[in-house]
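Structure file query-v4.cif with mmCIF, C-alpha atoms:
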```cif
data_input
#
loop_
_atom_site.label_atom_id
_atom_site.label_comp_id
_atom_site.auth_asym_id
_atom_site.auth_seq_id
_atom_site.Cartn_x
_atom_site.Cartn_y
_atom_site.Cartn_z
CA MET W 86 50.15 78.50 -26.38
CA LYS W 87 51.62 78.21 -29.83
CA LEU W 88 52.96 75.04 -31.40
CA LEU W 89 55.11 75.00 -34.50
CA PRO W 90 53.99 72.89 -37.49
CA GLY W 91 56.14 69.80 -37.87
CA LYS W 92 57.81 70.18 -34.48
CA LEU W 93 56.93 67.26 -32.24
CA MET W 94 55.88 67.90 -28.67
CA PHE W 95 56.60 64.99 -26.33
CA GLY W 96 57.17 62.95 -29.49
CA VAL W 97 53.65 63.66 -30.77
CA ALA W 98 52.58 65.71 -33.78
CA PRO W 99 51.07 69.03 -32.57
CA SER W 100 47.71 68.49 -34.31
CA ILE W 101 47.31 65.03 -32.71
CA LEU W 102 48.25 66.31 -29.26
CA ILE W 103 45.84 69.27 -29.51
CA ASP W 104 43.03 66.98 -30.69
CA CYS W 105 43.71 64.74 -27.68
CA ALA W 106 43.75 67.72 -25.32
CA VAL W 107 40.46 69.04 -26.74
CA GLN W 108 38.71 65.68 -26.29
CA ILE W 109 39.87 65.30 -22.68
CA HIS W 110 39.17 68.97 -21.93
CA ASP W 111 35.62 68.75 -23.32
CA ARG W 112 34.79 65.91 -20.94
CA GLU W 113 35.33 68.32 -18.01
CA MET W 114 36.29 65.45 -15.70
CA ASP W 115 39.29 63.39 -14.71
CA PHE W 116 40.59 60.67 -16.99
CA ASP W 117 42.55 57.43 -16.93
CA LEU W 118 45.02 55.82 -19.32
CA ASP W 119 42.24 54.19 -21.37
CA ASP W 120 40.52 57.56 -21.90
CA PHE W 121 43.86 59.07 -22.84
CA CYS W 122 44.60 56.26 -25.35
CA GLU W 123 41.21 56.80 -26.97
CA ALA W 124 41.71 60.55 -27.21
CA LEU W 125 45.27 60.24 -28.50
CA GLY W 126 44.50 57.45 -30.98
CA ALA W 127 47.28 55.17 -29.86
CA PRO W 128 47.55 51.84 -28.02
CA ALA W 129 48.43 51.89 -24.33
CA GLU W 130 52.11 51.02 -24.81
CA GLU W 131 52.59 54.12 -26.98
CA ALA W 132 50.32 56.42 -25.01
CA ARG W 133 51.69 55.64 -21.53
CA PRO W 134 55.09 57.39 -22.03
CA VAL W 135 53.36 60.44 -23.52
CA LEU W 136 51.00 60.68 -20.54
CA GLY W 137 53.99 60.37 -18.20
CA LYS W 138 55.72 63.27 -19.95
CA LEU W 139 52.56 65.39 -19.84
CA VAL W 140 52.18 64.73 -16.10
CA ARG W 141 55.84 65.62 -15.45
CA ALA W 142 55.44 68.82 -17.47
CA GLY W 143 52.44 69.84 -15.34
CA PHE W 144 49.67 69.37 -17.89
CA ALA W 145 47.87 66.86 -15.65
CA LYS W 146 48.20 65.75 -12.06
CA PRO W 147 47.46 62.32 -10.58
CA ASP W 148 44.41 61.91 -8.38
CA LYS W 149 45.29 61.86 -4.69
CA SER W 150 43.16 58.81 -3.92
CA ASP W 151 43.57 56.92 -7.21
CA ALA W 152 46.98 57.10 -8.90
CA CYS W 153 45.52 55.70 -12.13
CA ARG W 154 43.30 58.74 -12.64
CA PHE W 155 44.48 62.19 -13.66
CA HIS W 156 43.10 65.71 -13.45
CA PRO W 157 43.78 68.08 -16.35
CA THR W 158 45.36 71.31 -15.13
CA ARG W 159 45.04 74.86 -16.44
CA LYS W 160 48.01 74.13 -18.71
CA TRP W 161 45.98 71.33 -20.31
CA GLY W 162 43.27 73.84 -21.14
CA GLN W 163 45.88 76.09 -22.74
CA LEU W 164 47.08 73.13 -24.81
CA ALA W 165 43.49 72.47 -25.94
CA LEU W 166 43.24 76.08 -27.11
CA ALA W 167 46.66 76.13 -28.74
CA ASN W 168 47.04 76.66 -32.43
CA VAL W 169 49.65 75.29 -34.78
CA SER W 170 51.27 78.10 -36.69
CA HIS W 171 54.54 79.80 -37.46
CA GLY W 172 53.13 82.94 -35.84
CA LEU W 173 52.61 86.41 -37.19
CA THR W 174 55.41 88.80 -38.10
CA ARG W 175 55.34 92.25 -36.50
CA ALA W 176 54.93 93.91 -39.91
CA ASP W 177 51.87 91.73 -40.67
CA ALA W 178 50.48 92.47 -37.20
CA GLU W 179 50.88 96.22 -37.73
CA GLY W 180 49.12 95.93 -41.09
CA LEU W 181 46.24 94.05 -39.49
CA LEU W 182 46.03 96.57 -36.66
CA LYS W 183 45.75 99.45 -39.13
CA LYS W 184 42.88 97.66 -40.90
CA ILE W 185 41.10 97.11 -37.59
CA VAL W 186 41.43 100.76 -36.58
CA ALA W 187 40.22 101.85 -40.03
CA LYS W 188 37.18 99.55 -39.73
CA ALA W 189 36.40 100.92 -36.27
CA GLY W 190 36.67 104.45 -37.67
CA ALA W 191 34.32 103.56 -40.53
CA ILE W 192 31.76 102.18 -38.06
CA ASN W 193 31.98 105.30 -35.89
CA SER W 194 31.71 107.71 -38.85
CA THR W 195 28.38 106.30 -40.00
CA ASP W 196 25.17 107.62 -38.45
CA ASP W 197 23.42 104.36 -39.03
CA SER W 198 21.73 103.38 -35.76
CA GLN W 199 22.07 99.72 -36.58
CA PHE W 200 25.68 99.88 -35.38
CA ARG W 201 26.90 100.56 -31.87
CA LYS W 202 29.71 103.09 -31.68
CA ILE W 203 33.15 101.83 -30.77
CA SER W 204 34.62 103.85 -27.93
CA CYS W 205 37.97 102.14 -27.66
CA VAL W 206 40.19 99.59 -29.38
CA VAL W 207 43.08 98.20 -27.38
CA VAL W 208 45.85 95.87 -28.30
CA PHE W 209 47.41 93.61 -25.71
CA GLY W 210 49.38 90.39 -25.42
CA SER W 211 52.51 89.60 -27.39
CA TYR W 212 52.18 92.76 -29.56
CA LEU W 213 53.26 94.89 -26.60
CA ARG W 214 56.40 92.87 -26.13
CA LYS W 215 59.29 93.52 -28.46
CA ALA W 216 59.13 90.10 -30.12
CA SER W 217 59.59 90.10 -33.89
CA VAL W 218 57.20 87.15 -34.32
CA LEU W 219 53.92 87.18 -32.40
CA GLY W 220 51.71 84.25 -31.48
CA ASP W 221 48.64 86.19 -32.57
CA LEU W 222 47.23 89.70 -32.44
CA ASP W 223 45.09 90.22 -29.35
CA ILE W 224 42.51 93.00 -29.69
CA GLY W 225 39.99 94.34 -27.20
CA VAL W 226 37.03 96.43 -28.38
CA ALA W 227 34.83 98.56 -26.10
CA LEU W 228 31.37 99.47 -27.41
CA ASP W 229 29.81 102.80 -26.47
CA PRO W 230 27.01 102.07 -23.97
CA GLN W 231 25.11 105.27 -24.88
CA SER W 232 24.72 104.55 -28.57
CA GLY W 233 22.64 101.42 -27.96
CA ARG W 234 19.85 103.05 -25.92
CA ARG W 235 17.88 104.50 -28.79
CA LEU W 236 15.32 101.79 -28.97
CA ALA W 237 12.10 102.84 -27.25
CA PRO W 238 10.23 99.92 -25.73
CA GLY W 239 6.80 101.62 -26.16
CA GLY W 240 4.33 99.75 -28.37
CA MET W 241 6.71 96.85 -28.83
CA ARG W 242 6.33 93.28 -27.68
CA LEU W 243 8.88 92.27 -25.06
CA ALA W 244 10.40 89.55 -27.28
CA ASP W 245 10.80 92.01 -30.19
CA TRP W 246 12.34 94.60 -27.93
CA PHE W 247 14.90 92.10 -26.61
CA ARG W 248 15.72 90.93 -30.12
CA LYS W 249 16.06 94.39 -31.61
CA SER W 250 17.87 95.90 -28.67
CA SER W 251 20.70 93.40 -29.08
CA ALA W 252 20.84 93.81 -32.86
CA PRO W 253 23.33 96.78 -32.88
CA ASP W 254 25.67 94.72 -30.71
CA ARG W 255 25.46 91.84 -33.09
CA ARG W 256 25.95 94.01 -36.16
CA THR W 257 28.96 95.72 -34.63
CA ARG W 258 30.44 92.32 -33.92
CA ILE W 259 30.10 91.21 -37.55
CA PRO W 260 33.26 93.02 -38.72
CA ARG W 261 35.00 91.51 -35.70
CA CYS W 262 33.98 88.01 -36.78
CA ALA W 263 34.95 88.79 -40.35
CA PHE W 264 38.42 89.78 -39.19
CA GLU W 265 38.72 86.57 -37.23
CA SER W 266 37.52 84.35 -40.05
CA ARG W 267 39.92 85.93 -42.52
CA SER W 268 42.87 85.70 -40.21
CA THR W 269 43.40 83.00 -37.63
CA SER W 270 46.05 85.29 -36.15
CA VAL W 271 43.58 87.78 -34.65
CA SER W 272 41.77 87.11 -31.41
CA THR W 273 39.38 89.72 -30.10
CA GLY W 274 37.20 90.49 -27.12
CA SER W 275 34.66 93.20 -26.48
CA THR W 276 33.18 95.06 -23.53
CA LYS W 277 30.08 97.25 -23.36
CA MET H 269 49.18 61.62 -45.87
CA THR H 270 51.58 61.90 -48.74
CA GLN H 271 51.02 60.16 -52.05
CA GLU H 272 52.55 56.78 -51.56
CA GLU H 273 52.31 53.58 -53.45
CA ILE H 274 49.29 51.52 -52.54
CA GLU H 275 50.14 47.89 -52.14
CA PHE H 276 47.39 45.41 -51.40
CA GLU H 277 48.32 42.43 -49.35
CA TRP H 278 46.52 39.33 -48.25
CA LEU H 279 46.10 39.88 -44.53
CA ALA H 280 43.18 37.53 -43.92
CA PRO H 281 42.92 35.80 -40.53
CA ASP H 282 43.34 32.33 -42.06
CA ARG H 283 46.84 33.28 -43.14
CA PHE H 284 47.87 33.55 -39.51
CA MET H 285 45.47 31.57 -37.34
CA GLN H 286 46.80 28.50 -35.61
CA PRO H 287 44.60 25.37 -35.89
CA ALA H 288 43.54 25.72 -32.25
CA GLU H 289 42.56 29.37 -32.79
CA ARG H 290 40.64 28.47 -35.92
CA ARG H 291 38.74 25.76 -34.04
CA ARG H 292 37.96 28.18 -31.22
CA VAL H 293 36.76 30.91 -33.61
CA ARG H 294 34.62 28.48 -35.56
CA TYR H 295 33.12 27.15 -32.32
CA LEU H 296 32.25 30.65 -31.09
CA LEU H 297 30.79 31.68 -34.45
CA ARG H 298 28.67 28.51 -34.53
CA GLN H 299 27.58 29.12 -30.93
CA LYS H 300 26.44 32.66 -31.80
CA ASN H 301 24.52 31.39 -34.82
CA ARG H 302 22.94 28.59 -32.83
CA ILE H 303 21.74 30.98 -30.13
CA SER H 304 20.28 33.35 -32.72
CA ASP H 305 18.57 30.48 -34.57
CA GLU H 306 17.09 29.09 -31.37
CA GLU H 307 15.83 32.51 -30.34
CA ARG H 308 14.26 33.07 -33.75
CA ARG H 309 12.61 29.64 -33.70
CA LEU H 310 11.00 30.31 -30.31
CA ALA H 311 9.86 33.73 -31.50
CA ASP H 312 8.28 32.17 -34.59
CA GLU H 313 6.41 29.70 -32.39
CA ASN H 314 5.24 32.56 -30.12
CA ARG H 315 6.97 30.96 -27.14
CA MET H 316 9.36 33.80 -26.50
CA THR H 317 9.05 35.59 -23.18
CA PRO H 318 10.99 38.66 -22.03
CA ALA H 319 12.90 36.52 -19.54
CA LEU H 320 13.86 34.00 -22.23
CA HIS H 321 14.86 36.83 -24.55
CA GLU H 322 17.15 38.24 -21.87
CA LYS H 323 18.66 34.81 -21.33
CA PHE H 324 19.40 34.39 -25.04
CA ARG H 325 20.89 37.86 -25.26
CA ALA H 326 23.17 37.19 -22.30
CA ARG H 327 24.39 33.92 -23.82
CA TRP H 328 24.93 35.52 -27.21
CA ARG H 329 26.78 38.44 -25.61
CA ALA H 330 29.05 36.07 -23.67
CA ALA H 331 30.01 34.20 -26.87
CA HIS H 332 30.48 37.48 -28.73
CA ASP H 333 32.71 38.92 -25.99
CA LYS H 334 34.92 35.82 -26.06
CA LEU H 335 35.22 36.09 -29.83
CA GLU H 336 36.10 39.77 -29.63
CA GLU H 337 38.70 39.11 -26.98
CA LEU H 338 40.30 36.41 -29.12
CA ALA H 339 40.14 38.58 -32.26
CA ALA H 340 41.72 41.55 -30.48
CA ASP H 341 44.51 39.30 -29.26
CA MET H 342 45.11 37.89 -32.76
CA LEU H 343 45.04 41.33 -34.37
CA LYS H 344 47.69 42.45 -31.92
CA ARG H 345 49.89 39.39 -32.31
CA TYR H 346 49.68 38.96 -36.07
CA LEU H 347 49.27 42.49 -37.40
CA GLY H 348 50.34 44.68 -34.50
CA ILE H 349 46.99 46.47 -34.45
CA GLY H 350 46.10 47.35 -30.87
CA ARG H 351 42.93 48.87 -29.47
CA HIS H 352 42.75 52.65 -30.08
CA SER H 353 45.05 52.49 -33.12
CA VAL H 354 44.11 54.80 -35.97
CA LEU H 355 43.97 52.95 -39.28
CA ARG H 356 43.61 53.80 -42.92
CA ILE H 357 42.26 50.75 -44.76
CA ARG H 358 42.18 50.77 -48.53
CA GLN H 359 40.68 47.85 -50.36
CA PRO H 360 40.90 46.75 -54.00
CA ASN H 361 37.31 47.91 -54.61
CA GLU H 362 38.56 51.49 -53.96
CA ARG H 363 36.84 51.54 -50.62
CA GLU H 364 38.78 53.54 -48.08
CA THR H 365 38.07 53.72 -44.36
CA LEU H 366 39.75 55.94 -41.82
CA LEU H 367 38.91 54.90 -38.31
CA GLN H 368 40.08 54.47 -34.77
CA VAL H 369 39.83 50.82 -33.74
CA LEU H 370 37.72 50.30 -30.64
CA ARG H 371 36.75 46.66 -31.23
CA GLY H 372 38.03 43.87 -33.44
CA ASP H 373 36.23 40.80 -34.69
CA VAL H 374 36.76 37.83 -36.99
CA THR H 375 34.11 36.61 -39.37
CA PHE H 376 33.71 33.97 -42.02
CA HIS H 377 31.68 34.55 -45.18
CA ASP H 378 30.08 31.27 -46.16
CA TRP H 379 29.12 32.42 -49.64
CA ASN H 380 32.67 33.08 -50.81
CA ARG H 381 34.50 31.02 -48.17
CA ARG H 382 36.58 33.96 -46.96
CA TRP H 383 37.83 34.82 -43.52
CA LEU H 384 37.84 38.53 -42.72
CA TRP H 385 38.97 40.85 -40.00
CA CYS H 386 36.23 43.26 -38.93
CA VAL H 387 37.16 46.44 -37.16
CA HIS H 388 34.66 48.71 -35.44
CA GLY H 389 35.36 52.15 -34.11
CA ARG H 390 34.91 55.81 -34.76
CA ARG H 391 35.55 57.72 -37.93
CA LEU H 392 38.15 60.42 -38.45
CA ARG H 393 36.90 63.82 -39.53
CA LYS H 394 38.10 65.45 -42.75
CA ASN H 395 40.58 67.54 -40.77
CA GLY H 396 42.13 64.41 -39.31
CA THR H 397 40.72 64.76 -35.79
CA LEU H 398 38.94 61.88 -34.12
CA GLY H 399 35.18 62.14 -34.57
CA PHE H 400 32.18 60.50 -32.96
CA ALA H 401 30.54 58.85 -35.97
CA ASP H 402 30.62 55.06 -36.00
CA ALA H 403 32.85 53.37 -38.51
CA PHE H 404 33.13 49.74 -39.47
CA THR H 405 34.89 47.73 -42.13
CA CYS H 406 35.89 44.17 -42.91
CA PHE H 407 39.01 43.31 -44.85
CA ASP H 408 41.21 40.48 -45.98
CA ILE H 409 43.12 41.88 -48.96
CA ALA H 410 43.92 45.49 -48.22
CA ASP H 411 46.49 48.18 -47.86
CA VAL H 412 46.38 48.94 -44.14
CA ARG H 413 48.31 51.78 -42.57
CA ARG H 414 48.52 52.85 -38.98
CA ARG H 415 48.93 56.44 -37.83
CA ARG H 416 52.01 56.94 -35.73
CA LEU H 417 52.20 59.56 -33.04
CA ASP H 418 54.42 61.77 -35.20
CA GLY H 419 51.55 61.97 -37.71
CA THR H 420 53.11 59.71 -40.35
CA TRP H 421 51.44 56.55 -41.64
CA GLN H 422 53.13 53.20 -41.36
CA ARG H 423 52.17 50.27 -43.52
CA ILE H 424 50.97 47.28 -41.56
CA ARG H 425 53.08 44.23 -42.32
CA PRO H 426 52.35 40.86 -40.78
CA LEU H 427 54.55 40.51 -37.72
CA GLY H 428 57.22 37.92 -38.24
CA ASP H 429 57.43 38.50 -42.01
CA THR H 430 59.89 41.32 -41.54
CA ASP H 431 61.90 42.64 -38.66
CA GLU H 432 59.94 45.87 -38.86
CA GLN H 433 57.43 46.43 -36.07
CA ALA H 434 54.00 46.77 -37.63
#
```
Here is the file; what I need is its structure written in the form of structure tokens.
Amino acid sequence: MKLLPGKLMFGVAPSILIDCAVQIHDREMDFDLDDFCEALGAPAEEARPVLGKLVRAGFAKPDKSDACRFHPTRKWGQLALANVSHGLTRADAEGLLKKIVAKAGAINSTDDSQFRKISCVVVFGSYLRKASVLGDLDIGVALDPQSGRRLAPGGMRLADWFRKSSAPDRRTRIPRCAFESRSTSVSTGSTK
Amino acid sequence: MTQEEIEFEWLAPDRFMQPAERRRVRYLLRQKNRISDEERRLADENRMTPALHEKFRARWRAAHDKLEELAADMLKRYLGIGRHSVLRIRQPNERETLLQVLRGDVTFHDWNRRWLWCVHGRRLRKNGTLGFADAFTCFDIADVRRRRLDGTWQRIRPLGDTDEQA
């Protein structure tokens, strides 16, 4: 879910609404109007209409036995994960994608055993649609399962072996994290 | 928050309190002090027992709850500050507090004869989200602004002074 900066949603600033959604979502339980007021940062008379609109829009549903309590729905979780941005233009997304592919190529071209090889990079989500402005750039990265099996367990303590055997994974993920920290518009996932 | 003109205003409780409210607040404050003094005296004389301590705590808590209830009601009626409001309080000593109000209280400082509003709650983080750290401040002369749901800040004006809803 993407919210535009400055554009109110249900009469609430996007950053305030997302903060409220995050607080309720983190509780992992149902909530009442008082909890909602506390999370939203508004007295009950202001918060009640907002909660009503959220319920009508399917972000929460009333409890069957107690109408004063509400259950956050999947949509509420999406709201908690939403970001406030104007999006990413297709040209910018293509530029970012080229950098990601180049980085993957650089990792694969090195013989350094501290990196796992990358067998596949996929792009999915809004990039595949023909939209001129994307919400973000969704990338999936598959790591080569063979390249990580070089570590021989012989003569090594179990704890060391566990730590070192996961090191190539971690190191291969570092460029991924670097991409994400530099650009809030890239979200990635990886499989082994 | 945009750069706006800071304007300090005298918002102390004694500007608004009715004589009956003032009497009630003074009575509750005295009652709290009396209970604390009595408890301390018994403790000094080594006559305090756990049961007595519990009894004193319950009495003190009852008086405190009544005072908080009255203060919350007055804050709402006179300044339009309800529970869960997010406030930015700037005081002449350059002290600035950003907090969400969870409890309100009224206090009287004997040493300078000043009535003050005390607000307790949780602090806002630097990015403007509501945090978990405790926050507390007392004010009488201050520039107080309340966060509206659209993200703008509205200056708190005493209700009744203007037609504007604080």
Would you give me, as JSON lines, each residue of chain H having an atom within 12 Å of an atom of chain W, along with its shortest atom pair and that distance in Å to one decimal, using only C-alpha atoms and sorting by chain and residue number?
```
{"residue": "H:Lys344", "atom": "CA", "partner": "W:Pro128", "partner_atom": "CA", "distance": 10.2}
{"residue": "H:Gly348", "atom": "CA", "partner": "W:Pro128", "partner_atom": "CA", "distance": 10.1}
{"residue": "H:Ile349", "atom": "CA", "partner": "W:Pro128", "partner_atom": "CA", "distance": 8.4}
{"residue": "H:Gly350", "atom": "CA", "partner": "W:Pro128", "partner_atom": "CA", "distance": 5.5}
{"residue": "H:Arg351", "atom": "CA", "partner": "W:Pro128", "partner_atom": "CA", "distance": 5.7}
{"residue": "H:His352", "atom": "CA", "partner": "W:Gly126", "partner_atom": "CA", "distance": 5.2}
{"residue": "H:Ser353", "atom": "CA", "partner": "W:Ala127", "partner_atom": "CA", "distance": 4.8}
{"residue": "H:Val354", "atom": "CA", "partner": "W:Gly126", "partner_atom": "CA", "distance": 5.7}
{"residue": "H:Leu355", "atom": "CA", "partner": "W:Gly126", "partner_atom": "CA", "distance": 9.5}
{"residue": "H:Leu366", "atom": "CA", "partner": "W:Gly126", "partner_atom": "CA", "distance": 11.9}
{"residue": "H:Leu367", "atom": "CA", "partner": "W:Gly126", "partner_atom": "CA", "distance": 9.6}
{"residue": "H:Gln368", "atom": "CA", "partner": "W:Gly126", "partner_atom": "CA", "distance": 6.5}
{"residue": "H:Val369", "atom": "CA", "partner": "W:Gly126", "partner_atom": "CA", "distance": 8.6}
{"residue": "H:Leu370", "atom": "CA", "partner": "W:Glu123", "partner_atom": "CA", "distance": 8.2}
{"residue": "H:Arg371", "atom": "CA", "partner": "W:Glu123", "partner_atom": "CA", "distance": 11.9}
{"residue": "H:Gly389", "atom": "CA", "partner": "W:Glu123", "partner_atom": "CA", "distance": 10.3}
{"residue": "H:Arg390", "atom": "CA", "partner": "W:Glu123", "partner_atom": "CA", "distance": 10.1}
{"residue": "H:Arg391", "atom": "CA", "partner": "W:Gly126", "partner_atom": "CA", "distance": 11.3}
{"residue": "H:Leu392", "atom": "CA", "partner": "W:Gly126", "partner_atom": "CA", "distance": 10.2}
{"residue": "H:Arg393", "atom": "CA", "partner": "W:Asp104", "partner_atom": "CA", "distance": 11.2}
{"residue": "H:Asn395", "atom": "CA", "partner": "W:Ser100", "partner_atom": "CA", "distance": 9.7}
{"residue": "H:Gly396", "atom": "CA", "partner": "W:Ile101", "partner_atom": "CA", "distance": 8.4}
{"residue": "H:Thr397", "atom": "CA", "partner": "W:Asp104", "partner_atom": "CA", "distance": 6.0}
{"residue": "H:Leu398", "atom": "CA", "partner": "W:Asp104", "partner_atom": "CA", "distance": 7.4}
{"residue": "H:Gly399", "atom": "CA", "partner": "W:Gln108", "partner_atom": "CA", "distance": 9.7}
{"residue": "H:Phe400", "atom": "CA", "partner": "W:Gln108", "partner_atom": "CA", "distance": 10.7}
{"residue": "H:Arg414", "atom": "CA", "partner": "W:Ala127", "partner_atom": "CA", "distance": 9.5}
{"residue": "H:Arg415", "atom": "CA", "partner": "W:Gly126", "partner_atom": "CA", "distance": 8.2}
{"residue": "H:Arg416", "atom": "CA", "partner": "W:Ala127", "partner_atom": "CA", "distance": 7.7}
{"residue": "H:Leu417", "atom": "CA", "partner": "W:Val97", "partner_atom": "CA", "distance": 4.9}
{"residue": "H:Asp418", "atom": "CA", "partner": "W:Ala98", "partner_atom": "CA", "distance": 4.6}
{"residue": "H:Gly419", "atom": "CA", "partner": "W:Ala98", "partner_atom": "CA", "distance": 5.5}
{"residue": "H:Thr420", "atom": "CA", "partner": "W:Ala98", "partner_atom": "CA", "distance": 8.9}
```
Expanded to explicit residues, what is the PyMOL selection byres ((chain H and resi 358) around 9) for this file, as JSON, numbers by chain?
{"H": [274, 276, 356, 357, 359, 360, 361, 362, 363, 364, 365, 366, 407, 409, 410, 411, 412, 413]}
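What separates atom CA of W:Arg175 from atom CA of W:Ala189 is a distance of 20.8 Å.
The spacing separating atom CA of H:Ala330 from atom CA of H:Pro426 amounts to 29.3 Å.
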Expected selection from the PyMOL selection byres ((chain H and resi 287-295) around 9), given as number ranges by chain:
H: 281-282, 285-286, 296-300, 335, 338-339, 342, 374-376
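Between atom CA of W:Lys149 and atom CA of W:Leu136 lies a distance of 16.9 Å.
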Run through the PyMOL selection byres ((chain W and resi 148) around 12) on the given coordinates and return the selected residues as a PyMOL selection string.
chain W and resi 114-117+140+145-147+149-158
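Distance annotation: of W:Lys160, W:Leu219, W:Leu228, W:Asp111, the residue with the minimal separation from W:Ser204 is W:Leu228; atom set is only C-alpha atoms.
Minimum distance to H:Tyr346 across H:Trp421, H:Trp385, H:Asp333, H:Ser304 (counting all atoms listed in the file) occurs at H:Trp385.
Contact shell of H:Ile303 at 9 Å (only C-alpha atoms; same-chain neighbours under 4 positions omitted): Arg298, Gln299, Glu307, Arg308, Phe324, Arg325, Arg327 and Trp328 of chain H.
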Edge lengths and centre in Å to one decimal, as lines of an AutoDock Vina configuration file, is what I'm after for the box along x, y and z that holds all listed atoms of stretch 302-314 of chain H once 6 Å is added on each side.
```
center_x = 14.1
center_y = 31.2
center_z = -32.4
size_x = 29.7
size_y = 17.1
size_z = 16.5
```
